[in-house]
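K.L.:
Got a structure for you, my_file_17.pdb, holding PDB, C-alpha atoms.
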```pdb
ATOM      1  CA  MET A 217     -57.400  94.466-105.136
ATOM      2  CA  SER A 218     -59.838  91.611-104.612
ATOM      3  CA  GLN A 219     -62.030  93.186-107.297
ATOM      4  CA  TRP A 220     -59.474  92.301-109.993
ATOM      5  CA  VAL A 221     -61.381  89.066-110.582
ATOM      6  CA  LEU A 222     -64.359  91.156-111.757
ATOM      7  CA  LEU A 223     -62.554  94.191-113.162
ATOM      8  CA  VAL A 224     -60.622  92.274-115.814
ATOM      9  CA  ASP A 225     -63.853  91.621-117.732
ATOM     10  CA  GLU A 226     -64.670  95.340-117.792
ATOM     11  CA  LEU A 227     -61.404  96.413-119.429
ATOM     12  CA  GLY A 228     -62.214  95.421-123.007
ATOM     13  CA  LEU A 229     -59.166  93.201-123.395
ATOM     14  CA  SER A 230     -59.243  90.346-125.880
ATOM     15  CA  GLY A 231     -57.231  87.433-127.187
ATOM     16  CA  MET A 232     -53.869  86.632-125.667
ATOM     17  CA  THR A 233     -53.790  89.896-123.685
ATOM     18  CA  TYR A 234     -57.052  88.966-121.981
ATOM     19  CA  MET A 235     -55.804  85.443-121.245
ATOM     20  CA  ILE A 236     -52.644  86.818-119.667
ATOM     21  CA  ALA A 237     -54.566  89.339-117.559
ATOM     22  CA  ALA A 238     -57.122  86.735-116.460
ATOM     23  CA  ASN A 239     -54.348  84.422-115.266
ATOM     24  CA  THR A 240     -52.463  86.933-113.136
ATOM     25  CA  SER A 241     -53.091  88.017-109.575
ATOM     26  CA  LEU A 242     -53.192  91.666-108.619
ATOM     27  CA  GLU A 243     -50.863  91.784-105.632
ATOM     28  CA  ALA A 244     -50.660  95.514-104.892
ATOM     29  CA  VAL A 245     -51.743  98.944-106.050
ATOM     30  CA  SER A 246     -49.691 101.929-105.007
ATOM     31  CA  GLU A 247     -49.267 105.433-106.424
ATOM     32  CA  GLY A 248     -50.709 104.588-109.830
ATOM     33  CA  VAL A 249     -48.836 101.310-110.218
ATOM     34  CA  PHE A 250     -50.637  97.971-110.403
ATOM     35  CA  ARG A 251     -48.308  95.109-109.446
ATOM     36  CA  PHE A 252     -49.226  91.659-110.784
ATOM     37  CA  HIS A 253     -47.786  88.201-110.256
ATOM     38  CA  TYR A 254     -47.730  85.732-113.105
ATOM     39  CA  ALA A 255     -46.986  82.013-113.266
ATOM     40  CA  ASP A 256     -43.897  80.472-114.818
ATOM     41  CA  GLU A 257     -46.071  79.092-117.659
ATOM     42  CA  GLN A 258     -46.688  82.674-118.804
ATOM     43  CA  ARG A 259     -43.032  83.687-118.896
ATOM     44  CA  ASN A 260     -42.623  83.148-122.644
ATOM     45  CA  ILE A 261     -45.846  84.861-123.711
ATOM     46  CA  LEU A 262     -45.786  87.920-121.468
ATOM     47  CA  ASN A 263     -44.174  90.768-123.379
ATOM     48  CA  GLU A 264     -44.229  94.548-123.703
ATOM     49  CA  VAL A 265     -47.116  94.516-126.191
ATOM     50  CA  HIS A 266     -49.392  92.785-123.687
ATOM     51  CA  THR A 267     -48.250  94.803-120.677
ATOM     52  CA  ASP A 268     -48.785  98.046-122.626
ATOM     53  CA  ARG A 269     -52.296  96.949-123.595
ATOM     54  CA  ILE A 270     -53.170  96.071-119.997
ATOM     55  CA  SER A 271     -51.754  99.364-118.770
ATOM     56  CA  ALA A 272     -53.692 101.317-121.419
ATOM     57  CA  ALA A 273     -56.924  99.462-120.594
ATOM     58  CA  LEU A 274     -56.551 100.216-116.883
ATOM     59  CA  SER A 275     -55.719 103.862-117.622
ATOM     60  CA  ASP A 276     -58.784 104.168-119.849
ATOM     61  CA  TYR A 277     -61.030 102.518-117.279
ATOM     62  CA  PHE A 278     -59.880 104.707-114.378
ATOM     63  CA  GLN A 279     -59.397 107.765-116.635
ATOM     64  CA  GLN A 280     -55.912 108.495-115.361
ATOM     65  CA  PRO A 281     -52.404 107.385-116.311
ATOM     66  CA  LEU A 282     -51.518 104.096-114.654
ATOM     67  CA  GLN A 283     -48.588 101.740-114.904
ATOM     68  CA  VAL A 284     -48.315  97.997-114.507
ATOM     69  CA  GLU A 285     -45.519  95.823-113.214
ATOM     70  CA  PHE A 286     -45.407  92.072-113.713
ATOM     71  CA  GLU A 287     -43.210  89.769-111.721
ATOM     72  CA  LEU A 288     -42.895  86.030-111.607
ATOM     73  CA  GLY A 289     -44.267  84.977-108.260
ATOM     74  CA  ILE A 290     -46.644  82.948-106.189
ATOM     75  CA  PHE A 291     -50.243  84.126-106.236
ATOM     76  CA  SER A 292     -51.361  85.440-102.879
ATOM     77  CA  ARG A 293     -54.746  86.298-104.381
ATOM     78  CA  GLU A 294     -57.132  84.486-106.665
ATOM     79  CA  THR A 295     -56.786  85.070-110.398
ATOM     80  CA  PRO A 296     -59.882  85.929-112.457
ATOM     81  CA  SER A 297     -59.578  82.592-114.247
ATOM     82  CA  LEU A 298     -59.474  80.607-110.995
ATOM     83  CA  TYR A 299     -62.354  82.664-109.617
ATOM     84  CA  ARG A 300     -64.556  81.884-112.634
ATOM     85  CA  SER A 301     -63.653  78.199-112.456
ATOM     86  CA  ARG A 302     -64.505  78.029-108.748
ATOM     87  CA  LYS A 303     -67.777  79.894-109.231
ATOM     88  CA  SER A 304     -68.921  77.735-112.141
ATOM     89  CA  GLN A 305     -68.219  74.541-110.177
ATOM     90  CA  SER A 306     -70.151  75.697-107.120
ATOM     91  CA  ASP A 307     -73.033  77.035-109.223
ATOM     92  CA  TRP A 308     -73.862  73.670-110.787
ATOM     93  CA  ARG A 309     -73.474  71.682-107.544
ATOM     94  CA  ARG A 310     -75.773  73.781-105.388
ATOM     95  CA  PRO A 311     -79.075  72.835-107.113
ATOM     96  CA  LEU A 312     -77.998  69.196-107.387
ATOM     97  CA  LEU A 313     -77.438  68.835-103.649
ATOM     98  CA  ARG A 314     -80.873  70.324-102.919
ATOM     99  CA  SER A 315     -82.725  68.399-105.600
ATOM    100  CA  LYS A 316     -85.593  65.993-104.975
ATOM    101  CA  PRO A 317     -83.622  62.975-106.295
ATOM    102  CA  MET A 318     -80.810  63.773-103.849
ATOM    103  CA  ARG A 319     -83.262  63.921-100.928
ATOM    104  CA  ARG A 320     -84.731  60.565-101.994
ATOM    105  CA  PHE A 321     -81.239  59.101-102.246
ATOM    106  CA  ARG A 322     -80.499  60.207 -98.683
ATOM    107  CA  GLN A 323     -83.785  58.690 -97.485
ATOM    108  CA  LEU A 324     -82.939  55.413 -99.208
ATOM    109  CA  LEU A 325     -79.493  55.389 -97.588
ATOM    110  CA  SER A 326     -81.110  55.919 -94.206
ATOM    111  CA  VAL A 327     -83.536  53.008 -94.715
ATOM    112  CA  LEU A 328     -80.813  50.681 -95.978
ATOM    113  CA  ALA A 329     -78.592  51.594 -93.045
ATOM    114  CA  GLY A 330     -81.275  50.641 -90.549
ATOM    115  CA  GLY A 331     -82.510  54.125 -89.790
ATOM    116  CA  LEU A 332     -79.128  55.688 -89.175
ATOM    117  CA  ILE A 333     -79.079  59.389 -89.927
ATOM    118  CA  PHE A 334     -76.347  60.452 -92.297
ATOM    119  CA  PRO A 335     -74.876  63.942 -92.238
ATOM    120  CA  PRO A 336     -75.177  65.968 -95.457
ATOM    121  CA  LEU A 337     -73.036  64.617 -98.258
ATOM    122  CA  PRO A 338     -69.775  66.470 -98.839
ATOM    123  CA  PRO A 339     -69.469  68.615-101.982
ATOM    124  CA  LEU A 340     -68.829  66.703-105.176
ATOM    125  CA  MET A 341     -65.217  66.697-106.275
ATOM    126  CA  HIS A 342     -64.570  67.826-109.856
ATOM    127  CA  ARG A 343     -62.077  65.700-111.736
TER     128      ARG A 343
END
```
Rewrite the coordinates I just gave you, this time as structure tokens.

P.N.:
Amino acid sequence: MSQWVLLVDELGLSGMTYMIAANTSLEAVSEGVFRFHYADEQRNILNEVHTDRISAALSDYFQQPLQVEFELGIFSRETPSLYRSRKSQSDWRRPLLRSKPMRRFRQLLSVLAGGLIFPPLPPLMHR
């Protein structure tokens, strides 16, 4: 189930159907039924056309008939969209924190603070 964040990009979905799928969490898989949770914001756009497309894409991918169920609920797992957002934020911060200018900045802080040693800076917050 945790692979949903990667699987959604392999299904060949596009447009609104892709956006719906990428913003749902796969909560359970049992006996050929994939159960997803969706947010209240998706209530008005989630319809039978999109659920049929997602079901067909999953069936094609796994080469067997599968069904999907969508229910309004709290995500207990990360959605593909949240996963991509988290990964892209951490990917750009990692080189910055290890960069030469950042090391020089830490050295300068140490000198200005009278030789005190500062712990590593916390991760940058994205706003």

K.L.:
From the options A:Ile261, A:Ala244, A:Ala255, A:Ala237, which residue's atoms come nearest to Asp225 (chain A), counting only C-alpha atoms?

P.N.:
A:Ala237

K.L.:
Care to translate the PyMOL selection byres ((chain A and resi 298) around 12) into actual residues of this file, as a list in words?

P.N.:
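That selection, the PyMOL selection byres ((chain A and resi 298) around 12), comes back as Trp220, Val221, Leu222, Met235, Ala237, Ala238, Asn239, Thr240, Ser241, Phe291, Arg293, Glu294, Thr295, Pro296, Ser297, Tyr299, Arg300, Ser301, Arg302, Lys303, Ser304 and Gln305 of chain A.
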
K.L.:
What's around region 272-284 of chain A at 7 Å? Count only C-alpha atoms, leave out sequence neighbours fewer than 5 positions away in its own chain, and write the answer as a ChimeraX atom specification.

P.N.:
/A:227,248-251,267

K.L.:
May I ask for the distance between CA of Phe252 (chain A) and CA of Phe286 (chain A), given in Å to one decimal place?

P.N.:
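Atom-to-atom, CA of Phe252 (chain A) to CA of Phe286 (chain A), that is 4.8 Å.
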
K.L.:
My list of candidates is A:Ile236, A:Gly289, A:Ser271, A:Gly231. Which is closest to His253 (chain A) when distances are computed with only C-alpha atoms?

P.N.:
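So, comparing all the options, the nearest one is A:Gly289.
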
K.L.:
Kindly give the distance, in Å, that separates CA of Arg269 (chain A) and CA of Ser246 (chain A), rounded to a single decimal.

P.N.:
19.4 Å

K.L.:
Quick check, in Å to one decimal: how far apart do CA of Ser292 (chain A) and CA of Gln258 (chain A) lie?

P.N.:
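Between CA of Ser292 (chain A) and CA of Gln258 (chain A) the gap works out to 16.8 Å.
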
K.L.:
Specify the axis-aligned box that encloses all atoms of region 267-275 of chain A listed in the file after padding of 6 Å on each side, stating its centre and edge lengths in Å to one decimal as lines of an AutoDock Vina configuration file.

P.N.:
```
center_x = -52.6
center_y = 99.3
center_z = -120.2
size_x = 20.7
size_y = 21.1
size_z = 18.7
```
